[in-house]
file input_38.txt (compact mmCIF, C-alpha atoms)
# COMPACT_ATOMS: atom_id res chain seq x y z
CA MET B 1 11.82 -72.73 28.95
CA SER B 2 14.09 -69.72 28.50
CA VAL B 3 16.82 -69.39 25.89
CA GLU B 4 19.44 -69.49 28.66
CA LEU B 5 18.05 -72.68 30.17
CA ALA B 6 17.83 -74.45 26.81
CA LEU B 7 21.40 -73.42 25.92
CA SER B 8 22.59 -74.52 29.34
CA TRP B 9 21.13 -78.02 28.80
CA VAL B 10 22.69 -78.22 25.34
CA GLN B 11 26.05 -77.13 26.78
CA LYS B 12 26.00 -79.66 29.65
CA LEU B 13 24.88 -82.58 27.48
CA VAL B 14 27.44 -81.89 24.75
CA SER B 15 30.21 -81.64 27.33
CA ILE B 16 29.30 -85.18 28.48
CA ALA B 17 29.30 -86.36 24.85
CA VAL B 18 32.74 -84.81 24.21
CA LEU B 19 34.11 -86.26 27.45
CA LEU B 20 33.01 -89.80 26.50
CA GLN B 21 34.28 -89.37 22.92
CA THR B 22 37.67 -88.18 24.17
CA ILE B 23 38.07 -91.13 26.54
CA GLU B 24 37.30 -93.46 23.62
CA VAL B 25 39.96 -91.89 21.40
CA LEU B 26 42.50 -91.92 24.24
CA LEU B 27 41.82 -95.63 24.72
CA LEU B 28 42.79 -96.12 21.06
CA LYS B 29 46.17 -94.47 21.67
CA ASP B 30 48.07 -97.67 20.87
CA VAL B 31 46.28 -98.05 17.53
CA MET B 32 47.45 -94.53 16.62
CA SER B 33 51.01 -94.97 17.91
CA GLU B 34 53.93 -95.61 15.54
CA LYS B 35 53.63 -99.31 16.38
CA GLY B 36 49.89 -99.28 15.71
CA THR B 37 47.87 -99.87 12.57
CA TRP B 38 46.81 -96.22 12.07
CA LYS B 39 50.25 -94.76 12.62
CA TRP B 40 50.76 -91.09 11.84
CA SER B 41 53.75 -91.67 9.52
CA LEU B 42 51.35 -93.55 7.21
CA ILE B 43 48.26 -91.32 7.53
CA GLN B 44 50.53 -88.31 6.97
CA LYS B 45 50.85 -89.27 3.27
CA ASP B 46 47.20 -88.21 2.81
CA PHE B 47 48.15 -84.68 3.85
CA ALA B 48 50.63 -84.33 0.97
CA ILE B 49 47.83 -82.77 -1.10
CA PHE B 50 48.04 -79.60 1.02
CA PRO B 51 50.61 -76.81 0.52
CA ARG B 52 53.80 -77.59 2.45
CA THR B 53 53.15 -75.06 5.25
CA ILE B 54 49.68 -76.45 5.98
CA ALA B 55 51.00 -80.02 5.84
CA ARG B 56 53.68 -79.04 8.38
CA ILE B 57 51.07 -77.54 10.71
CA PHE B 58 49.06 -80.78 10.51
CA ASP B 59 52.24 -82.78 11.15
CA TRP B 60 52.98 -80.70 14.26
CA LEU B 61 49.44 -81.07 15.58
CA LEU B 62 48.88 -84.72 14.74
CA ARG B 63 52.24 -86.31 15.59
CA PRO B 64 51.52 -88.84 18.38
CA ASP B 65 52.86 -86.95 21.42
CA HIS B 66 51.27 -83.62 20.44
CA PHE B 67 47.98 -85.23 19.50
CA GLU B 68 47.81 -87.07 22.79
CA LEU B 69 48.42 -83.80 24.65
CA ILE B 70 45.59 -82.19 22.66
CA LEU B 71 43.30 -85.08 23.66
CA TRP B 72 44.15 -84.64 27.36
CA ILE B 73 43.46 -80.89 27.11
CA ARG B 74 40.20 -81.73 25.34
CA LEU B 75 39.28 -84.07 28.16
CA ALA B 76 39.91 -81.38 30.78
CA LEU B 77 38.07 -78.71 28.79
CA SER B 78 35.06 -80.95 28.24
CA VAL B 79 34.70 -81.13 32.04
CA LEU B 80 35.20 -77.37 32.32
CA PHE B 81 32.58 -76.78 29.60
CA PHE B 82 30.00 -78.54 31.74
CA PHE B 83 30.29 -75.67 34.23
CA VAL B 84 31.60 -72.73 32.19
CA PHE B 85 29.89 -71.47 29.04
CA HIS B 86 32.84 -69.80 27.38
CA PRO B 87 33.24 -69.39 23.60
CA PHE B 88 36.96 -70.19 23.54
CA VAL B 89 36.44 -73.46 25.44
CA GLY B 90 33.75 -74.38 22.90
CA LEU B 91 36.06 -73.31 20.07
CA PHE B 92 38.81 -75.62 21.29
CA LEU B 93 36.37 -78.53 21.54
CA PHE B 94 35.14 -77.75 18.00
CA PHE B 95 38.67 -77.56 16.62
CA SER B 96 39.81 -80.74 18.38
CA THR B 97 36.76 -82.61 17.01
CA CYS B 98 37.93 -81.60 13.51
CA LEU B 99 41.47 -82.79 14.31
CA ILE B 100 40.22 -86.20 15.47
CA SER B 101 38.18 -86.52 12.27
CA TRP B 102 41.20 -85.65 10.09
CA ARG B 103 43.43 -88.03 12.06
CA TRP B 104 40.95 -90.77 11.05
CA ARG B 105 40.91 -89.72 7.37
CA GLY B 106 37.77 -87.59 7.17
CA THR B 107 35.51 -88.62 10.04
CA PHE B 108 36.00 -90.93 12.98
CA ASN B 109 32.37 -91.99 13.45
CA GLY B 110 30.45 -90.29 10.62
CA GLY B 111 27.12 -88.83 11.73
CA SER B 112 28.08 -88.47 15.39
CA ASP B 113 31.05 -86.29 14.37
CA PHE B 114 28.76 -84.19 12.15
CA MET B 115 26.25 -83.61 14.94
CA THR B 116 28.90 -82.91 17.59
CA LEU B 117 30.40 -80.23 15.34
CA ILE B 118 27.00 -78.66 14.66
CA VAL B 119 26.16 -78.51 18.39
CA LEU B 120 29.58 -77.11 19.31
CA GLY B 121 29.45 -74.59 16.44
CA VAL B 122 26.03 -73.39 17.56
CA LEU B 123 27.21 -73.06 21.17
CA VAL B 124 30.34 -71.11 20.17
CA ILE B 125 28.20 -68.59 18.26
CA ALA B 126 25.70 -68.39 21.12
CA ALA B 127 28.49 -67.89 23.66
CA PHE B 128 30.01 -65.08 21.59
CA ALA B 129 26.52 -63.48 21.33
CA VAL B 130 25.70 -63.39 25.04
CA ALA B 131 24.39 -59.85 24.67
CA SER B 132 22.06 -60.77 21.82
CA PRO B 133 19.11 -62.99 22.81
CA SER B 134 17.86 -62.96 19.21
CA ILE B 135 21.10 -64.52 17.93
CA GLN B 136 20.97 -67.10 20.72
CA THR B 137 17.36 -67.90 19.82
CA GLY B 138 18.43 -68.27 16.18
CA CYS B 139 21.15 -70.71 17.26
CA LEU B 140 18.61 -72.89 19.10
CA LEU B 141 16.16 -72.77 16.20
CA TYR B 142 18.91 -73.80 13.78
CA LEU B 143 19.89 -76.72 16.01
CA GLY B 144 16.26 -77.81 16.42
CA LEU B 145 15.72 -77.74 12.66
CA GLN B 146 18.95 -79.66 12.01
CA THR B 147 17.78 -82.31 14.49
CA ALA B 148 14.35 -82.70 12.90
CA SER B 149 15.85 -82.78 9.41
CA SER B 150 18.47 -85.36 10.44
CA TYR B 151 15.70 -87.87 11.17
CA PHE B 152 13.47 -86.80 8.30
CA ILE B 153 16.20 -86.99 5.62
CA SER B 154 17.32 -90.35 6.96
CA GLY B 155 13.76 -91.71 6.78
CA PHE B 156 12.93 -90.13 3.43
CA THR B 157 16.04 -91.59 1.74
CA LYS B 158 15.14 -95.03 3.09
CA ILE B 159 11.55 -94.94 1.95
CA LYS B 160 12.66 -94.28 -1.63
CA HIS B 161 14.42 -97.67 -1.78
CA ALA B 162 12.46 -100.85 -2.46
CA ASN B 163 14.96 -102.83 -0.34
CA TRP B 164 13.83 -100.84 2.69
CA ARG B 165 10.15 -100.99 1.85
CA GLN B 166 10.37 -104.79 1.47
CA GLY B 167 12.42 -105.26 4.66
CA PHE B 168 15.52 -106.63 2.88
CA ALA B 169 17.75 -103.67 3.75
CA LEU B 170 17.19 -103.91 7.50
CA THR B 171 17.86 -107.67 7.46
CA GLY B 172 21.04 -107.11 5.43
CA PHE B 173 22.35 -104.38 7.73
CA LEU B 174 21.63 -106.57 10.76
CA ASN B 175 23.45 -109.50 9.13
CA LEU B 176 26.57 -107.36 8.68
CA ALA B 177 26.40 -105.62 12.09
CA VAL B 178 29.30 -105.87 14.55
CA TYR B 179 27.05 -107.29 17.28
CA ASN B 180 24.85 -110.35 17.22
CA LEU B 181 21.19 -109.46 17.37
CA PRO B 182 19.86 -108.86 20.90
CA LYS B 183 18.01 -111.87 22.29
CA GLY B 184 14.42 -111.98 21.14
CA LEU B 185 15.10 -110.11 17.90
CA GLY B 186 16.38 -113.13 15.99
CA TRP B 187 12.92 -113.64 14.51
CA ILE B 188 13.45 -110.51 12.40
CA LEU B 189 16.08 -112.25 10.31
CA LYS B 190 13.86 -115.29 9.81
CA ASN B 191 10.47 -113.66 9.49
CA ARG B 192 9.84 -111.62 6.35
CA ARG B 193 6.76 -109.90 7.78
CA GLY B 194 8.60 -108.96 10.98
CA ALA B 195 11.48 -107.39 9.03
CA LYS B 196 9.06 -105.51 6.80
CA GLY B 197 7.02 -104.27 9.77
CA LEU B 198 10.09 -103.13 11.68
CA SER B 199 11.48 -101.39 8.58
CA TRP B 200 8.24 -99.47 8.13
CA GLY B 201 8.25 -98.63 11.83
CA VAL B 202 11.72 -97.07 11.51
CA MET B 203 10.85 -95.20 8.31
CA ILE B 204 7.55 -93.84 9.64
CA PHE B 205 9.17 -92.72 12.90
CA GLU B 206 11.96 -90.91 11.05
CA CYS B 207 9.70 -89.33 8.45
CA LEU B 208 7.22 -88.10 11.06
CA PHE B 209 9.91 -86.66 13.31
CA PRO B 210 9.38 -83.03 12.15
CA LEU B 211 5.99 -83.24 13.92
CA ALA B 212 8.06 -82.85 17.11
CA LEU B 213 8.31 -79.18 16.20
CA THR B 214 4.55 -78.66 16.16
CA SER B 215 3.87 -78.90 19.90
CA PRO B 216 5.85 -79.35 23.14
CA LYS B 217 3.78 -82.47 23.93
CA TYR B 218 4.68 -84.11 20.59
CA SER B 219 8.25 -82.96 21.08
CA LEU B 220 8.54 -84.89 24.35
CA VAL B 221 6.96 -87.99 22.81
CA PHE B 222 9.40 -87.95 19.89
CA ILE B 223 12.37 -87.28 22.18
CA VAL B 224 11.54 -90.33 24.32
CA ALA B 225 11.04 -92.43 21.17
CA ALA B 226 14.32 -91.13 19.71
CA ILE B 227 16.26 -92.11 22.83
CA GLY B 228 14.79 -95.62 22.53
CA PHE B 229 15.64 -95.62 18.82
CA HIS B 230 19.30 -94.71 19.49
CA PHE B 231 19.48 -97.30 22.26
CA ALA B 232 18.30 -99.94 19.77
CA ASN B 233 20.87 -98.69 17.23
CA TRP B 234 23.59 -99.16 19.82
CA ALA B 235 22.34 -102.63 20.78
CA CYS B 236 22.27 -103.75 17.14
CA PHE B 237 25.05 -101.79 15.44
CA GLY B 238 27.32 -100.57 18.26
CA LEU B 239 26.52 -96.92 17.48
CA ASN B 240 26.72 -95.63 21.06
CA ARG B 241 28.08 -92.25 20.01
CA PHE B 242 24.90 -91.36 18.15
CA LEU B 243 22.91 -91.41 21.37
CA TRP B 244 25.34 -89.06 23.14
CA SER B 245 25.74 -86.77 20.13
CA TRP B 246 21.99 -86.40 19.57
CA LEU B 247 21.06 -85.94 23.26
CA PRO B 248 22.30 -82.30 23.39
CA THR B 249 20.05 -81.43 20.46
CA TYR B 250 16.80 -82.36 22.24
CA PRO B 251 16.60 -79.28 24.50
CA ALA B 252 16.91 -77.18 21.32
CA LEU B 253 14.19 -79.24 19.65
CA TYR B 254 11.90 -78.76 22.63
CA TYR B 255 12.67 -75.03 22.69
CA CYS B 256 11.78 -74.86 18.97
CA SER B 257 8.40 -76.46 19.61
CA LEU B 258 7.69 -73.87 22.32
CA TRP B 259 8.89 -70.98 20.15
CA LEU B 260 6.77 -72.06 17.19
CA GLN B 261 3.67 -72.12 19.42
CA LYS B 262 4.13 -68.50 20.46
CA MET C 1 53.26 -90.72 -4.59
CA VAL C 2 52.17 -88.30 -7.29
CA LEU C 3 48.52 -87.42 -7.45
CA SER C 4 46.85 -86.52 -10.68
CA ASN C 5 44.77 -83.34 -10.81
CA ARG C 6 41.72 -85.52 -11.29
CA VAL C 7 42.09 -87.13 -7.92
CA ALA C 8 43.14 -84.11 -5.87
CA PRO C 9 39.70 -82.42 -5.68
CA TYR C 10 38.13 -85.66 -4.42
CA ARG C 11 40.81 -85.87 -1.75
CA TYR C 12 40.08 -82.31 -0.62
CA ILE C 13 36.37 -83.10 -0.41
CA HIS C 14 37.20 -86.25 1.53
CA PHE C 15 39.11 -84.14 4.08
CA PHE C 16 36.45 -81.52 4.56
CA ARG C 17 33.39 -83.77 4.52
CA VAL C 18 33.14 -83.37 8.28
CA PHE C 19 31.88 -79.83 7.59
CA PHE C 20 29.15 -81.07 5.25
CA PRO C 21 26.82 -83.26 7.29
CA SER C 22 24.97 -86.02 5.56
CA TRP C 23 21.95 -87.53 7.27
CA LYS C 24 21.49 -90.38 4.79
CA PHE C 25 22.17 -93.18 7.27
CA PHE C 26 21.82 -96.81 6.15
CA GLU C 27 20.48 -95.47 2.86
CA ASP C 28 20.38 -98.68 0.85
CA ILE C 29 21.91 -102.11 1.03
CA GLY C 30 24.09 -103.55 -1.69
CA ALA C 31 27.19 -105.65 -2.10
CA SER C 32 29.29 -104.88 1.00
CA PRO C 33 33.06 -105.11 1.26
CA GLN C 34 34.45 -107.57 3.81
CA LEU C 35 38.00 -108.50 4.76
CA PHE C 36 39.33 -112.05 4.45
CA TYR C 37 42.71 -113.70 5.03
CA ARG C 38 44.32 -117.07 4.49
CA LEU C 39 47.47 -118.64 5.88
CA LYS C 40 50.03 -120.89 4.25
CA GLN C 41 49.86 -124.36 5.74
CA SER C 42 52.83 -126.56 6.60
CA SER C 43 52.02 -128.51 3.42
CA GLY C 44 52.89 -125.40 1.40
CA ASP C 45 49.32 -124.80 0.22
CA PHE C 46 47.14 -121.95 1.40
CA GLY C 47 44.18 -122.66 3.65
CA SER C 48 40.72 -121.37 2.90
CA TRP C 49 39.74 -117.70 3.05
CA THR C 50 38.47 -116.72 6.50
CA PRO C 51 36.66 -113.52 7.52
CA LEU C 52 38.92 -111.32 9.67
CA ILE C 53 36.14 -109.48 11.51
CA HIS C 54 33.73 -111.42 13.68
CA LYS C 55 30.64 -110.50 15.66
CA GLN C 56 31.57 -109.02 19.02
CA PRO C 57 30.04 -109.57 22.46
CA ARG C 58 27.87 -106.71 23.74
CA HIS C 59 28.20 -105.18 27.21
CA LEU C 60 26.09 -102.45 28.77
CA SER C 61 29.29 -100.47 29.43
CA HIS C 62 29.67 -100.17 25.63
CA LEU C 63 26.79 -97.74 25.68
CA PHE C 64 29.14 -95.23 27.31
CA ILE C 65 32.63 -96.15 26.15
CA ASN C 66 33.05 -98.36 23.11
CA PRO C 67 36.56 -97.96 21.61
CA GLN C 68 36.98 -101.47 20.20
CA ILE C 69 33.69 -101.40 18.32
CA LEU C 70 34.48 -97.89 17.05
CA TYR C 71 37.77 -99.26 15.78
CA LEU C 72 35.97 -102.09 13.97
CA LEU C 73 33.51 -99.60 12.48
CA SER C 74 36.44 -97.50 11.26
CA ILE C 75 37.86 -100.63 9.58
CA GLN C 76 34.49 -101.15 7.87
CA SER C 77 34.67 -97.55 6.59
CA LEU C 78 38.22 -98.22 5.47
CA LEU C 79 37.00 -101.19 3.41
CA GLN C 80 34.57 -98.84 1.65
CA HIS C 81 37.47 -96.43 1.01
CA ILE C 82 39.74 -99.11 -0.42
CA THR C 83 36.94 -100.26 -2.71
CA THR C 84 36.64 -96.71 -4.10
CA ALA C 85 40.42 -96.31 -4.22
CA ALA C 86 40.77 -99.60 -6.14
CA ALA C 87 38.23 -98.41 -8.74
CA GLU C 88 40.12 -95.11 -9.09
CA ALA C 89 43.42 -96.94 -9.41
CA LEU C 90 41.99 -99.00 -12.27
CA ASP C 91 40.70 -95.82 -13.97
CA GLN C 92 44.14 -94.27 -13.70
CA GLN C 93 45.85 -97.46 -14.85
CA GLN C 94 47.96 -97.59 -11.70
CA THR C 95 50.19 -100.63 -11.32
CA ALA C 96 49.57 -103.11 -8.51
CA MET C 97 52.88 -101.97 -7.00
CA GLU C 98 51.72 -98.33 -6.94
CA PHE C 99 48.39 -99.29 -5.43
CA SER C 100 50.07 -101.38 -2.74
CA GLN C 101 51.86 -98.23 -1.56
CA SER C 102 48.59 -96.31 -1.13
CA VAL C 103 47.39 -95.36 2.34
CA PRO C 104 44.15 -97.42 2.26
CA TYR C 105 46.02 -100.55 1.16
CA GLN C 106 48.72 -100.13 3.80
CA LEU C 107 46.09 -99.51 6.48
CA VAL C 108 44.19 -102.67 5.57
CA LYS C 109 47.45 -104.63 5.54
CA ASN C 110 48.32 -103.25 9.01
CA CYS C 111 44.91 -104.29 10.32
CA VAL C 112 45.42 -107.84 9.04
CA ILE C 113 48.93 -108.05 10.51
CA GLU C 114 47.72 -106.69 13.85
CA SER C 115 44.91 -109.23 13.97
CA LEU C 116 47.11 -112.19 12.93
CA SER C 117 49.82 -111.17 15.39
CA LYS C 118 47.46 -112.09 18.20
CA ASN C 119 47.92 -115.74 17.21
CA LYS C 120 50.78 -117.58 18.82
CA PHE C 121 52.88 -118.28 15.73
CA THR C 122 56.35 -119.44 16.61
CA SER C 123 57.87 -119.00 13.17
CA PRO C 124 57.27 -116.56 10.31
CA VAL C 125 54.10 -117.39 8.39
CA ASP C 126 53.01 -116.43 4.88
CA PHE C 127 49.55 -114.99 4.45
CA GLN C 128 47.33 -113.26 1.94
CA PHE C 129 44.37 -111.00 2.45
CA LYS C 130 41.59 -109.85 0.21
CA VAL C 131 38.72 -107.39 0.22
CA SER C 132 35.65 -108.94 -1.37
CA THR C 133 32.09 -107.81 -1.73
CA VAL C 134 29.49 -110.08 -0.16
CA ASP C 135 25.74 -110.43 -0.40
CA PRO C 136 24.26 -108.88 2.79
CA ALA C 137 21.47 -111.46 2.74
CA LYS C 138 24.08 -114.24 2.79
CA PRO C 139 27.33 -112.73 4.10
CA GLU C 140 29.18 -116.01 3.56
CA GLN C 141 28.53 -115.68 -0.18
CA ILE C 142 31.27 -113.72 -1.99
CA ILE C 143 30.11 -111.72 -5.01
CA ASP C 144 33.40 -110.28 -6.23
CA ASP C 145 37.03 -109.89 -5.19
CA VAL C 146 38.02 -106.21 -5.12
CA VAL C 147 41.62 -106.44 -3.93
CA ILE C 148 43.77 -109.54 -3.44
CA SER C 149 47.13 -108.97 -1.80
CA ASP C 150 50.47 -110.49 -2.77
CA ILE C 151 51.86 -113.14 -0.47
CA GLU C 152 53.02 -111.35 2.67
CA THR C 153 55.05 -112.71 5.57
CA LEU C 154 54.16 -112.21 9.19
CA THR C 155 57.48 -111.84 10.94
CA GLN C 156 56.22 -110.64 14.34
CA VAL C 157 56.18 -114.03 15.99
CA LYS C 158 56.32 -115.22 19.58
CA VAL C 159 59.72 -116.47 20.64
CA LYS C 160 59.64 -120.06 21.91
call {"tool": "encode", "arguments": {"input": "input_38.txt", "output": "C-alpha cells"}}
result
Amino acid sequence: MSVELALSWVQKLVSIAVLLQTIEVLLLKDVMSEKGTWKWSLIQKDFAIFPRTIARIFDWLLRPDHFELILWIRLALSVLFFFVFHPFVGLFLFFSTCLISWRWRGTFNGGSDFMTLIVLGVLVIAAFAVASPSIQTGCLLYLGLQTASSYFISGFTKIKHANWRQGFALTGFLNLAVYNLPKGLGWILKNRRGAKGLSWGVMIFECLFPLALTSPKYSLVFIVAAIGFHFANWACFGLNRFLWSWLPTYPALYYCSLWLQK
Amino acid sequence: MVLSNRVAPYRYIHFFRVFFPSWKFFEDIGASPQLFYRLKQSSGDFGSWTPLIHKQPRHLSHLFINPQILYLLSIQSLLQHITTAAAEALDQQQTAMEFSQSVPYQLVKNCVIESLSKNKFTSPVDFQFKVSTVDPAKPEQIIDDVVISDIETLTQVKVK
C-alpha cells in the first residue's frame, strides 16, 4: 500500500464520517433555534470569558442563521472532499468541527469529535505537503499511533479499576445506557461471571491493540475486531459516531504495520 | 454574571478541550447524575419524582444517523457539567438565585420544559426538577440530591 493510497482511503472515509455528522447536527436545528433548549442566546453567556472582539466573532459565526449556513457548506464540502484532496477543504471541515464542538459547550460527542479533528488535521498537513512524501508518511504514522494508543489507553485505564476487573463497571454502564440491552445479552446483567468475562474480553482486546502495528496480518485481525467492537458499542450505548470516526484511521494503522515491517 | 479569576481558567480549558484528546472512555463507574421531575397534582401536593430520560428503542438506521440519541447523550454530559458547576457554586458561596441564572442550570431547565411540553396539559402546571446521583447497580436508588429546582410553572400548554 502506497502513501497516496492510504491517504486516499483516510480522506474518503473521513468525508463520509463528516457528512453523517453534519446531517445529524442539521437534524437538531430546532434544538439549537431560539425556541429550542440549546438556544444561542443562552449558550452565548459562556463566551463572555473571551475578550469582546473574540466574543463578537463567535456571536457572528454561531448565531442560528449563520451557523446553519456553515453546516450546509460543511455538508457540501464533505461530499467534495470525498473526491478532491484539497487542504483548504480539509481546513474548513476541521474549523467547522471545532465550531460544532464549541456550540455544544466543549464537545458534541466527546471522543468522536477528538478523533475527527485528529484525522482532519493530519489530512490538512498531508494535503499541504503534497511534494513531500516523508511528511505524508509521518502524518500516516502519527494517525496510526494515535489509533493504537486510543484503544490501549482506554483499556489500560479500565484495567486499573477493580470495578472493571470484577465486572461491576460494565454492568453499571449498561444499566445507565440509553438503549435497552440487545436481545440475548440480558444474561450479562444477571450473571456475575458473564459480566466479568465480557469485561476482561474488552480490556484484553483494548490493551493488546498495539499488536496491530506489528504485522499487516495482525492489523487486519484487529481492524475487523475493532469494527465489531464499535458496532457493539453502538448497539449498547448509541455511540454510532465512534464507528464512523475511527474507520478513517484504519488505513493509516494498516500502513503503519507495513511501514514498521520494512 | 461575573466570573471570579479562579473559575475563568477552568472555563478556558473547558472550551479548548476538543484540542486535547482523552482516550479514557468509560474509565470507572461511580454515582451517576440523573434527571428527575415531579408535577403538582390537582390536590395541591406534588407527585413522586420520575426519571425524565428513558431507554430508547434501537433501529438499524441509528447506526448511520442518530440525532435523538446524540441529544440524549449531550443531556447526560450536561448533567455531569451541572454537578461540577453546583460544587463550584458551593465553593464560591454563590446564592441559589445566582446559580439558577447559570448556563448549565438554564439548559437543564429548558430540557425539562421541552420534555414536559410534549404532554397535553390544558392549563399551566407547576413542576420541580432535580439532578440526583444514583447507584449504577440500582439506578432506581438515589444516593444524593445535587440540585433541586424551585417550583416552576409550565405555561406552554395546549389550547382546548
call {"tool": "residues_near_point", "arguments": {"input": "input_38.txt", "point": "(22.4, -112.1, 11.6)", "cutoff": "10 Å", "atoms": "only C-alpha atoms", "output": "ChimeraX atom specification"}}
result
/B:171-181,185-186,188-190 /C:55,136-139
call {"tool": "interface_residues", "arguments": {"input": "input_38.txt", "of": "chain B", "to": "chain C", "cutoff": "7 Å", "atoms": "all atoms listed in the file", "output": "PDB file with C-alpha atoms, in the frame of the given file"}}
result
ATOM      1  CA  LEU B  20      33.010 -89.800  26.500  1.00  0.00           C
ATOM      2  CA  GLU B  24      37.300 -93.460  23.620  1.00  0.00           C
ATOM      3  CA  VAL B  25      39.960 -91.890  21.400  1.00  0.00           C
ATOM      4  CA  LEU B  27      41.820 -95.630  24.720  1.00  0.00           C
ATOM      5  CA  LEU B  28      42.790 -96.120  21.060  1.00  0.00           C
ATOM      6  CA  THR B  37      47.870 -99.870  12.570  1.00  0.00           C
ATOM      7  CA  TRP B  38      46.810 -96.220  12.070  1.00  0.00           C
ATOM      8  CA  LEU B  42      51.350 -93.550   7.210  1.00  0.00           C
ATOM      9  CA  ILE B  43      48.260 -91.320   7.530  1.00  0.00           C
ATOM     10  CA  ILE B  49      47.830 -82.770  -1.100  1.00  0.00           C
ATOM     11  CA  TRP B 102      41.200 -85.650  10.090  1.00  0.00           C
ATOM     12  CA  ARG B 105      40.910 -89.720   7.370  1.00  0.00           C
ATOM     13  CA  GLY B 106      37.770 -87.590   7.170  1.00  0.00           C
ATOM     14  CA  THR B 107      35.510 -88.620  10.040  1.00  0.00           C
ATOM     15  CA  PHE B 108      36.000 -90.930  12.980  1.00  0.00           C
ATOM     16  CA  GLY B 111      27.120 -88.830  11.730  1.00  0.00           C
ATOM     17  CA  PHE B 114      28.760 -84.190  12.150  1.00  0.00           C
ATOM     18  CA  SER B 150      18.470 -85.360  10.440  1.00  0.00           C
ATOM     19  CA  ILE B 153      16.200 -86.990   5.620  1.00  0.00           C
ATOM     20  CA  SER B 154      17.320 -90.350   6.960  1.00  0.00           C
ATOM     21  CA  THR B 157      16.040 -91.590   1.740  1.00  0.00           C
ATOM     22  CA  LYS B 158      15.140 -95.030   3.090  1.00  0.00           C
ATOM     23  CA  HIS B 161      14.420 -97.670  -1.780  1.00  0.00           C
ATOM     24  CA  ASN B 163      14.960-102.830  -0.340  1.00  0.00           C
ATOM     25  CA  ALA B 169      17.750-103.670   3.750  1.00  0.00           C
ATOM     26  CA  GLY B 172      21.040-107.110   5.430  1.00  0.00           C
ATOM     27  CA  PHE B 173      22.350-104.380   7.730  1.00  0.00           C
ATOM     28  CA  ASN B 175      23.450-109.500   9.130  1.00  0.00           C
ATOM     29  CA  LEU B 176      26.570-107.360   8.680  1.00  0.00           C
ATOM     30  CA  VAL B 178      29.300-105.870  14.550  1.00  0.00           C
ATOM     31  CA  TYR B 179      27.050-107.290  17.280  1.00  0.00           C
ATOM     32  CA  ASN B 180      24.850-110.350  17.220  1.00  0.00           C
ATOM     33  CA  TRP B 234      23.590 -99.160  19.820  1.00  0.00           C
ATOM     34  CA  GLY B 238      27.320-100.570  18.260  1.00  0.00           C
ATOM     35  CA  ASN B 240      26.720 -95.630  21.060  1.00  0.00           C
TER      36      ASN B 240
END
call {"tool": "atom_distance", "arguments": {"input": "input_38.txt", "atom1": "CA of Tyr151 in chain B", "atom2": "CA of Leu91 in chain B"}}
result
26.6 Å
call {"tool": "residues_around", "arguments": {"input": "input_38.txt", "residues": "range 116-118 of chain B", "least_positions_apart": "6", "cutoff": "10 Å", "atoms": "all atoms listed in the file", "output": "ChimeraX atom specification"}}
result
/B:14-15,17-18,21,93-98,124,142-143,146-147,241-242,244-246,248-249 /C:18-21
call {"tool": "atom_distance", "arguments": {"input": "input_38.txt", "atom1": "CA of Gly121 in chain B", "atom2": "CA of Gly90 in chain B"}}
result
7.8 Å
call {"tool": "residues_around", "arguments": {"input": "input_38.txt", "residues": "range 85-94 of chain C", "least_positions_apart": "3", "cutoff": "10 Å", "atoms": "all atoms listed in the file", "output": "list in words"}}
result
Ser4, Arg6, Val7, Leu79, Gln80, His81, Ile82, Met97, Glu98, Phe99, Ser100, Ser102, Val103, Pro104, Tyr105, Val146 and Val147 of chain C
call {"tool": "write_last_selection", "arguments": {"input": "input_38.txt", "atoms": "C-alpha atoms", "output": "short mmCIF file (atom, residue, chain, number, x, y, z; two decimals), in the frame of the given file"}}
result
data_model
loop_
_atom_site.label_atom_id
_atom_site.label_comp_id
_atom_site.auth_asym_id
_atom_site.auth_seq_id
_atom_site.Cartn_x
_atom_site.Cartn_y
_atom_site.Cartn_z
CA SER C 4 46.85 -86.52 -10.68
CA ARG C 6 41.72 -85.52 -11.29
CA VAL C 7 42.09 -87.13 -7.92
CA LEU C 79 37.00 -101.19 3.41
CA GLN C 80 34.57 -98.84 1.65
CA HIS C 81 37.47 -96.43 1.01
CA ILE C 82 39.74 -99.11 -0.42
CA MET C 97 52.88 -101.97 -7.00
CA GLU C 98 51.72 -98.33 -6.94
CA PHE C 99 48.39 -99.29 -5.43
CA SER C 100 50.07 -101.38 -2.74
CA SER C 102 48.59 -96.31 -1.13
CA VAL C 103 47.39 -95.36 2.34
CA PRO C 104 44.15 -97.42 2.26
CA TYR C 105 46.02 -100.55 1.16
CA VAL C 146 38.02 -106.21 -5.12
CA VAL C 147 41.62 -106.44 -3.93
#
call {"tool": "atom_distance", "arguments": {"input": "input_38.txt", "atom1": "CA of Pro182 in chain B", "atom2": "CA of Val31 in chain B"}}
result
28.7 Å
call {"tool": "closest_residue", "arguments": {"input": "input_38.txt", "among": "B:Ser199, B:Thr214, B:Gln11, B:Thr53", "to": "Leu80 in chain B", "atoms": "only C-alpha atoms"}}
result
B:Gln11
call {"tool": "closest_residue", "arguments": {"input": "input_38.txt", "among": "B:Ile159, B:Phe222, B:Leu208, B:Ser33", "to": "Lys196 in chain B", "atoms": "only C-alpha atoms"}}
result
B:Ile159
call {"tool": "closest_residue", "arguments": {"input": "input_38.txt", "among": "C:Ile148, C:Val125, C:Val131, C:Leu154", "to": "Pro51 in chain C", "atoms": "only C-alpha atoms"}}
result
C:Val131
call {"tool": "closest_residue", "arguments": {"input": "input_38.txt", "among": "B:Met1, B:Ile23, B:Leu253, B:Val224", "to": "Leu141 in chain B", "atoms": "all atoms listed in the file"}}
result
B:Leu253
call {"tool": "closest_residue", "arguments": {"input": "input_38.txt", "among": "C:Gly47, C:Gln141, C:Ser117, C:Ile75", "to": "Trp104 in chain B", "atoms": "only C-alpha atoms"}}
result
C:Ile75
call {"tool": "axis_aligned_box", "arguments": {"input": "input_38.txt", "around": "range 84-100 of chain C", "padding_each_side": "8 Å", "output": "AutoDock Vina command-line options"}}
result
--center_x 44.8 --center_y -98.7 --center_z -8.8 --size_x 32.2 --size_y 24.8 --size_z 28.1
